Amino acid sequence: NVAPTIVRLLAPGAELALPSLTPEVLPASLTDRVETVVLVVADGFGHLQLEREVAAGNAPVLKELIAREDTAYSAISSVFPTTTVAALGSVNTGVEPTAHGLLGYTVYLAEFDTIGEMIRWGPVNRRGTFADPDLSDGNGCTPEAFFWAETVYQRLQALGVVRTFA
């Protein structure tokens, strides 16, 4: 629900299938007049790990940030499956994994008749990406053209938010 929250903060009234983060996670006091959102993802770094590292003194900057009155800190859950590919696919599209199609690190892609590595967008058995002309019938195929889910950045730009990037 992070991506739908960001879209709604930057483009109020946007119609999305998924709900935003609840006020228990992101208080309403922090959602007024938002002009900029910076999302930092710490892949594979969970809530309990963060609490342990803060308690051990290994994350002093995060400890200070969590303690500030103008911030909110709450544990949230991930998507299923809880893989990097599925989670980042959801963060970048604002839809669940079954809607964007990124279900695992490797997936059989009938269009290329091979197993693809989704993080680097290329076949598991050779170098290069499916965007390379020699791997995709001479045309090149970007992930954006292949997958059916519109990205959050495309959606925001269509809603008039001009500076979006990952």
# chains A, B, ... in the order shown; residues from 1 in each chain; ligands from 1
>>> residues_around(residues="stretch 63-77 of chain A", least_positions_apart="4", cutoff="9 Å", atoms="only C-alpha atoms", output="list in words")
Glu24, Val25, Leu26, Pro27, Ser29, Leu30, Gly46, His47, Leu48, Glu51, Val54, Ala55, Gly57 and Ala59 of chain A
>>> select_by_dssp(residues="chain A", states="helix (DSSP H, G or I)", output="VMD selection string")
chain A and resid 2 to 10 28 to 30 47 to 55 60 to 67 84 to 93 97 to 100 133 to 135 143 to 146 152 to 158
>>> closest_residue(among="A:Glu15, A:Glu150, A:Asp43, A:Asp134", to="A:Val95", atoms="only C-alpha atoms")
A:Glu150
>>> select_by_dssp(residues="chain A", states="strand (DSSP E)", output="PyMOL selection string")
chain A and resi 106-109+114-117+122-123
>>> closest_residue(among="A:Val2, A:Leu21, A:Ala131, A:Ala149", to="A:Thr98", atoms="only C-alpha atoms")
A:Ala149
>>> residues_around(residues="A:Ser20", least_positions_apart="4", cutoff="8 Å", atoms="only C-alpha atoms", output="ChimeraX atom specification")
/A:1-5,8
>>> write_last_selection(atoms="all heavy atoms", output="CSV table (one decimal), in the first residue's frame")
chain,number,residue,atom,x,y,z
A,1,ASN,N,0.8,-1.2,0.0
A,1,ASN,CA,0.0,0.0,0.0
A,1,ASN,C,0.9,1.3,0.0
A,1,ASN,O,0.3,2.4,0.1
A,1,ASN,CB,-1.0,0.0,1.2
A,1,ASN,CG,-1.8,-1.3,1.1
A,1,ASN,OD1,-1.4,-2.4,1.4
A,1,ASN,ND2,-3.1,-1.1,0.8
A,2,VAL,N,2.2,1.1,-0.1
A,2,VAL,CA,3.1,2.3,-0.1
A,2,VAL,C,2.9,3.0,-1.4
A,2,VAL,O,2.7,4.3,-1.4
A,2,VAL,CB,4.5,1.8,0.1
A,2,VAL,CG1,5.5,3.0,-0.1
A,2,VAL,CG2,4.7,1.3,1.5
A,3,ALA,N,2.9,2.4,-2.5
A,3,ALA,CA,2.8,3.1,-3.8
A,3,ALA,C,1.5,3.8,-4.0
A,3,ALA,O,1.5,4.9,-4.4
A,3,ALA,CB,3.1,2.1,-5.0
A,4,PRO,N,0.3,3.2,-3.7
A,4,PRO,CA,-0.9,3.9,-3.7
A,4,PRO,C,-0.9,5.1,-2.8
A,4,PRO,O,-1.5,6.2,-3.2
A,4,PRO,CB,-2.0,2.9,-3.3
A,4,PRO,CG,-1.4,1.6,-3.7
A,4,PRO,CD,0.1,1.7,-3.4
A,5,THR,N,-0.3,5.0,-1.7
A,5,THR,CA,-0.2,6.2,-0.8
A,5,THR,C,0.5,7.3,-1.4
A,5,THR,O,0.1,8.5,-1.4
A,5,THR,CB,0.4,5.7,0.6
A,5,THR,OG1,-0.3,4.7,1.2
A,5,THR,CG2,0.5,6.9,1.5
A,8,ARG,N,-1.5,9.0,-4.1
A,8,ARG,CA,-2.6,9.8,-3.6
A,8,ARG,C,-2.1,11.1,-2.9
A,8,ARG,O,-2.7,12.1,-2.9
A,8,ARG,CB,-3.5,9.0,-2.6
A,8,ARG,CG,-4.3,8.0,-3.3
A,8,ARG,CD,-5.3,7.3,-2.4
A,8,ARG,NE,-6.2,6.4,-3.1
A,8,ARG,CZ,-6.0,5.1,-3.2
A,8,ARG,NH1,-5.0,4.5,-2.5
A,8,ARG,NH2,-6.8,4.3,-3.8
>>> residues_around(residues="A:Val107", least_positions_apart="3", cutoff="7 Å", atoms="only C-alpha atoms", output="ChimeraX atom specification")
/A:104,115-117
>>> write_last_selection(atoms="C-alpha atoms", output="PDB file, in the first residue's frame")
ATOM      1  CA  GLY A 104       9.744 -14.551  -8.491  1.00  0.00           C
ATOM      2  CA  ILE A 115      13.583 -18.797 -18.123  1.00  0.00           C
ATOM      3  CA  GLY A 116      14.263 -15.151 -17.368  1.00  0.00           C
ATOM      4  CA  GLU A 117      15.960 -13.467 -14.446  1.00  0.00           C
TER       5      GLU A 117
END
>>> residues_around(residues="A:Tyr153", least_positions_apart="5", cutoff="12 Å", atoms="only C-alpha atoms", output="MDAnalysis selection string")
chainID A and resid 3:4 6:7 10:11 91:94 144 158:166
>>> write_last_selection(atoms="all heavy atoms", output="CSV table (one decimal), in the first residue's frame")
chain,number,residue,atom,x,y,z
A,3,ALA,N,2.9,2.4,-2.5
A,3,ALA,CA,2.8,3.1,-3.8
A,3,ALA,C,1.5,3.8,-4.0
A,3,ALA,O,1.5,4.9,-4.4
A,3,ALA,CB,3.1,2.1,-5.0
A,4,PRO,N,0.3,3.2,-3.7
A,4,PRO,CA,-0.9,3.9,-3.7
A,4,PRO,C,-0.9,5.1,-2.8
A,4,PRO,O,-1.5,6.2,-3.2
A,4,PRO,CB,-2.0,2.9,-3.3
A,4,PRO,CG,-1.4,1.6,-3.7
A,4,PRO,CD,0.1,1.7,-3.4
A,6,ILE,N,1.7,7.0,-2.0
A,6,ILE,CA,2.5,8.0,-2.7
A,6,ILE,C,1.7,8.7,-3.8
A,6,ILE,O,1.7,9.9,-3.9
A,6,ILE,CB,3.8,7.4,-3.2
A,6,ILE,CG1,4.7,7.0,-2.0
A,6,ILE,CG2,4.5,8.4,-4.1
A,6,ILE,CD1,5.9,6.2,-2.3
A,7,VAL,N,1.0,7.9,-4.6
A,7,VAL,CA,0.2,8.4,-5.7
A,7,VAL,C,-0.8,9.4,-5.2
A,7,VAL,O,-1.0,10.5,-5.6
A,7,VAL,CB,-0.4,7.3,-6.6
A,7,VAL,CG1,-1.4,7.9,-7.6
A,7,VAL,CG2,0.7,6.6,-7.3
A,10,LEU,N,0.6,12.8,-3.9
A,10,LEU,CA,1.1,13.7,-4.9
A,10,LEU,C,0.0,14.1,-5.9
A,10,LEU,O,0.1,15.1,-6.6
A,10,LEU,CB,2.3,13.1,-5.6
A,10,LEU,CG,3.6,12.8,-4.8
A,10,LEU,CD1,4.6,12.1,-5.6
A,10,LEU,CD2,4.1,14.2,-4.2
A,11,ALA,N,-1.0,13.2,-6.0
A,11,ALA,CA,-2.1,13.5,-7.0
A,11,ALA,C,-3.4,13.2,-6.3
A,11,ALA,O,-4.0,12.1,-6.5
A,11,ALA,CB,-1.9,12.7,-8.2
A,91,VAL,N,6.0,-2.0,-5.5
A,91,VAL,CA,6.3,-0.6,-5.2
A,91,VAL,C,6.3,0.3,-6.5
A,91,VAL,O,5.9,1.4,-6.5
A,91,VAL,CB,7.7,-0.5,-4.5
A,91,VAL,CG1,8.2,0.9,-4.5
A,91,VAL,CG2,7.6,-1.1,-3.1
A,92,ASN,N,6.8,-0.3,-7.6
A,92,ASN,CA,6.9,0.5,-8.8
A,92,ASN,C,5.6,0.5,-9.6
A,92,ASN,O,5.5,1.3,-10.6
A,92,ASN,CB,8.1,-0.1,-9.7
A,92,ASN,CG,9.4,0.4,-9.1
A,92,ASN,OD1,9.7,1.5,-9.1
A,92,ASN,ND2,10.1,-0.6,-8.5
A,93,THR,N,4.7,-0.3,-9.3
A,93,THR,CA,3.4,-0.3,-10.1
A,93,THR,C,2.2,0.1,-9.3
A,93,THR,O,1.2,0.5,-9.8
A,93,THR,CB,3.1,-1.7,-10.8
A,93,THR,OG1,3.0,-2.7,-9.7
A,93,THR,CG2,4.2,-2.1,-11.7
A,94,GLY,N,2.3,-0.2,-8.0
A,94,GLY,CA,1.1,0.1,-7.1
A,94,GLY,C,0.0,-0.9,-7.2
A,94,GLY,O,-1.1,-0.7,-6.8
A,144,GLU,N,9.0,-2.4,-19.4
A,144,GLU,CA,7.8,-1.6,-19.5
A,144,GLU,C,6.9,-2.0,-20.6
A,144,GLU,O,5.7,-1.9,-20.5
A,144,GLU,CB,8.2,-0.1,-19.6
A,144,GLU,CG,8.9,0.5,-18.4
A,144,GLU,CD,10.4,0.3,-18.5
A,144,GLU,OE1,10.9,-0.3,-19.5
A,144,GLU,OE2,11.1,0.7,-17.6
A,158,ALA,N,0.9,11.1,-15.9
A,158,ALA,CA,-0.4,11.3,-16.5
A,158,ALA,C,-1.4,12.1,-15.7
A,158,ALA,O,-2.3,12.8,-16.2
A,158,ALA,CB,-1.1,9.9,-16.8
A,159,LEU,N,-1.1,12.2,-14.4
A,159,LEU,CA,-1.9,13.0,-13.5
A,159,LEU,C,-1.3,14.4,-13.3
A,159,LEU,O,-1.8,15.1,-12.4
A,159,LEU,CB,-2.1,12.3,-12.1
A,159,LEU,CG,-2.9,11.0,-12.1
A,159,LEU,CD1,-2.7,10.2,-10.8
A,159,LEU,CD2,-4.4,11.3,-12.3
A,160,GLY,N,-0.3,14.7,-14.0
A,160,GLY,CA,0.3,16.0,-13.9
A,160,GLY,C,1.5,16.2,-13.0
A,160,GLY,O,2.0,17.3,-12.9
A,161,VAL,N,2.0,15.1,-12.4
A,161,VAL,CA,3.2,15.2,-11.6
A,161,VAL,C,4.4,14.9,-12.5
A,161,VAL,O,4.5,13.8,-13.0
A,161,VAL,CB,3.2,14.2,-10.4
A,161,VAL,CG1,4.4,14.2,-9.6
A,161,VAL,CG2,1.9,14.4,-9.6
A,162,VAL,N,5.1,16.0,-12.8
A,162,VAL,CA,6.1,15.9,-13.9
A,162,VAL,C,7.5,15.3,-13.5
A,162,VAL,O,8.2,14.8,-14.3
A,162,VAL,CB,6.3,17.3,-14.5
A,162,VAL,CG1,5.0,17.7,-15.2
A,162,VAL,CG2,6.7,18.3,-13.5
A,163,ARG,N,7.9,15.4,-12.2
A,163,ARG,CA,9.2,14.9,-11.9
A,163,ARG,C,9.1,13.6,-11.1
A,163,ARG,O,9.0,13.6,-9.9
A,163,ARG,CB,9.9,15.9,-11.1
A,163,ARG,CG,10.3,17.2,-11.9
A,163,ARG,CD,11.3,18.0,-11.3
A,163,ARG,NE,12.5,17.1,-11.1
A,163,ARG,CZ,13.6,17.5,-10.6
A,163,ARG,NH1,13.7,18.7,-10.2
A,163,ARG,NH2,14.6,16.7,-10.4
A,164,THR,N,9.0,12.5,-11.8
A,164,THR,CA,9.0,11.2,-11.1
A,164,THR,C,10.1,10.3,-11.7
A,164,THR,O,10.3,10.3,-12.9
A,164,THR,CB,7.6,10.5,-11.3
A,164,THR,OG1,7.4,10.3,-12.7
A,164,THR,CG2,6.5,11.4,-10.8
A,165,PHE,N,10.8,9.6,-10.8
A,165,PHE,CA,11.8,8.7,-11.3
A,165,PHE,C,12.2,7.7,-10.2
A,165,PHE,O,11.9,7.9,-9.1
A,165,PHE,CB,13.1,9.5,-11.8
A,165,PHE,CG,13.6,10.5,-10.8
A,165,PHE,CD1,14.5,10.2,-9.9
A,165,PHE,CD2,13.1,11.8,-10.9
A,165,PHE,CE1,15.0,11.2,-9.0
A,165,PHE,CE2,13.6,12.8,-10.0
A,165,PHE,CZ,14.5,12.4,-9.0
A,166,ALA,N,12.9,6.7,-10.7
A,166,ALA,CA,13.4,5.7,-9.7
A,166,ALA,C,14.9,5.6,-9.9
A,166,ALA,O,15.4,5.7,-11.0
A,166,ALA,CB,12.7,4.3,-10.0
>>> atom_distance(atom1="atom CA of A:His100", atom2="atom CA of A:Arg127")
24.6 Å
>>> atom_distance(atom1="atom CA of A:Pro143", atom2="atom CA of A:Glu96")
16.8 Å
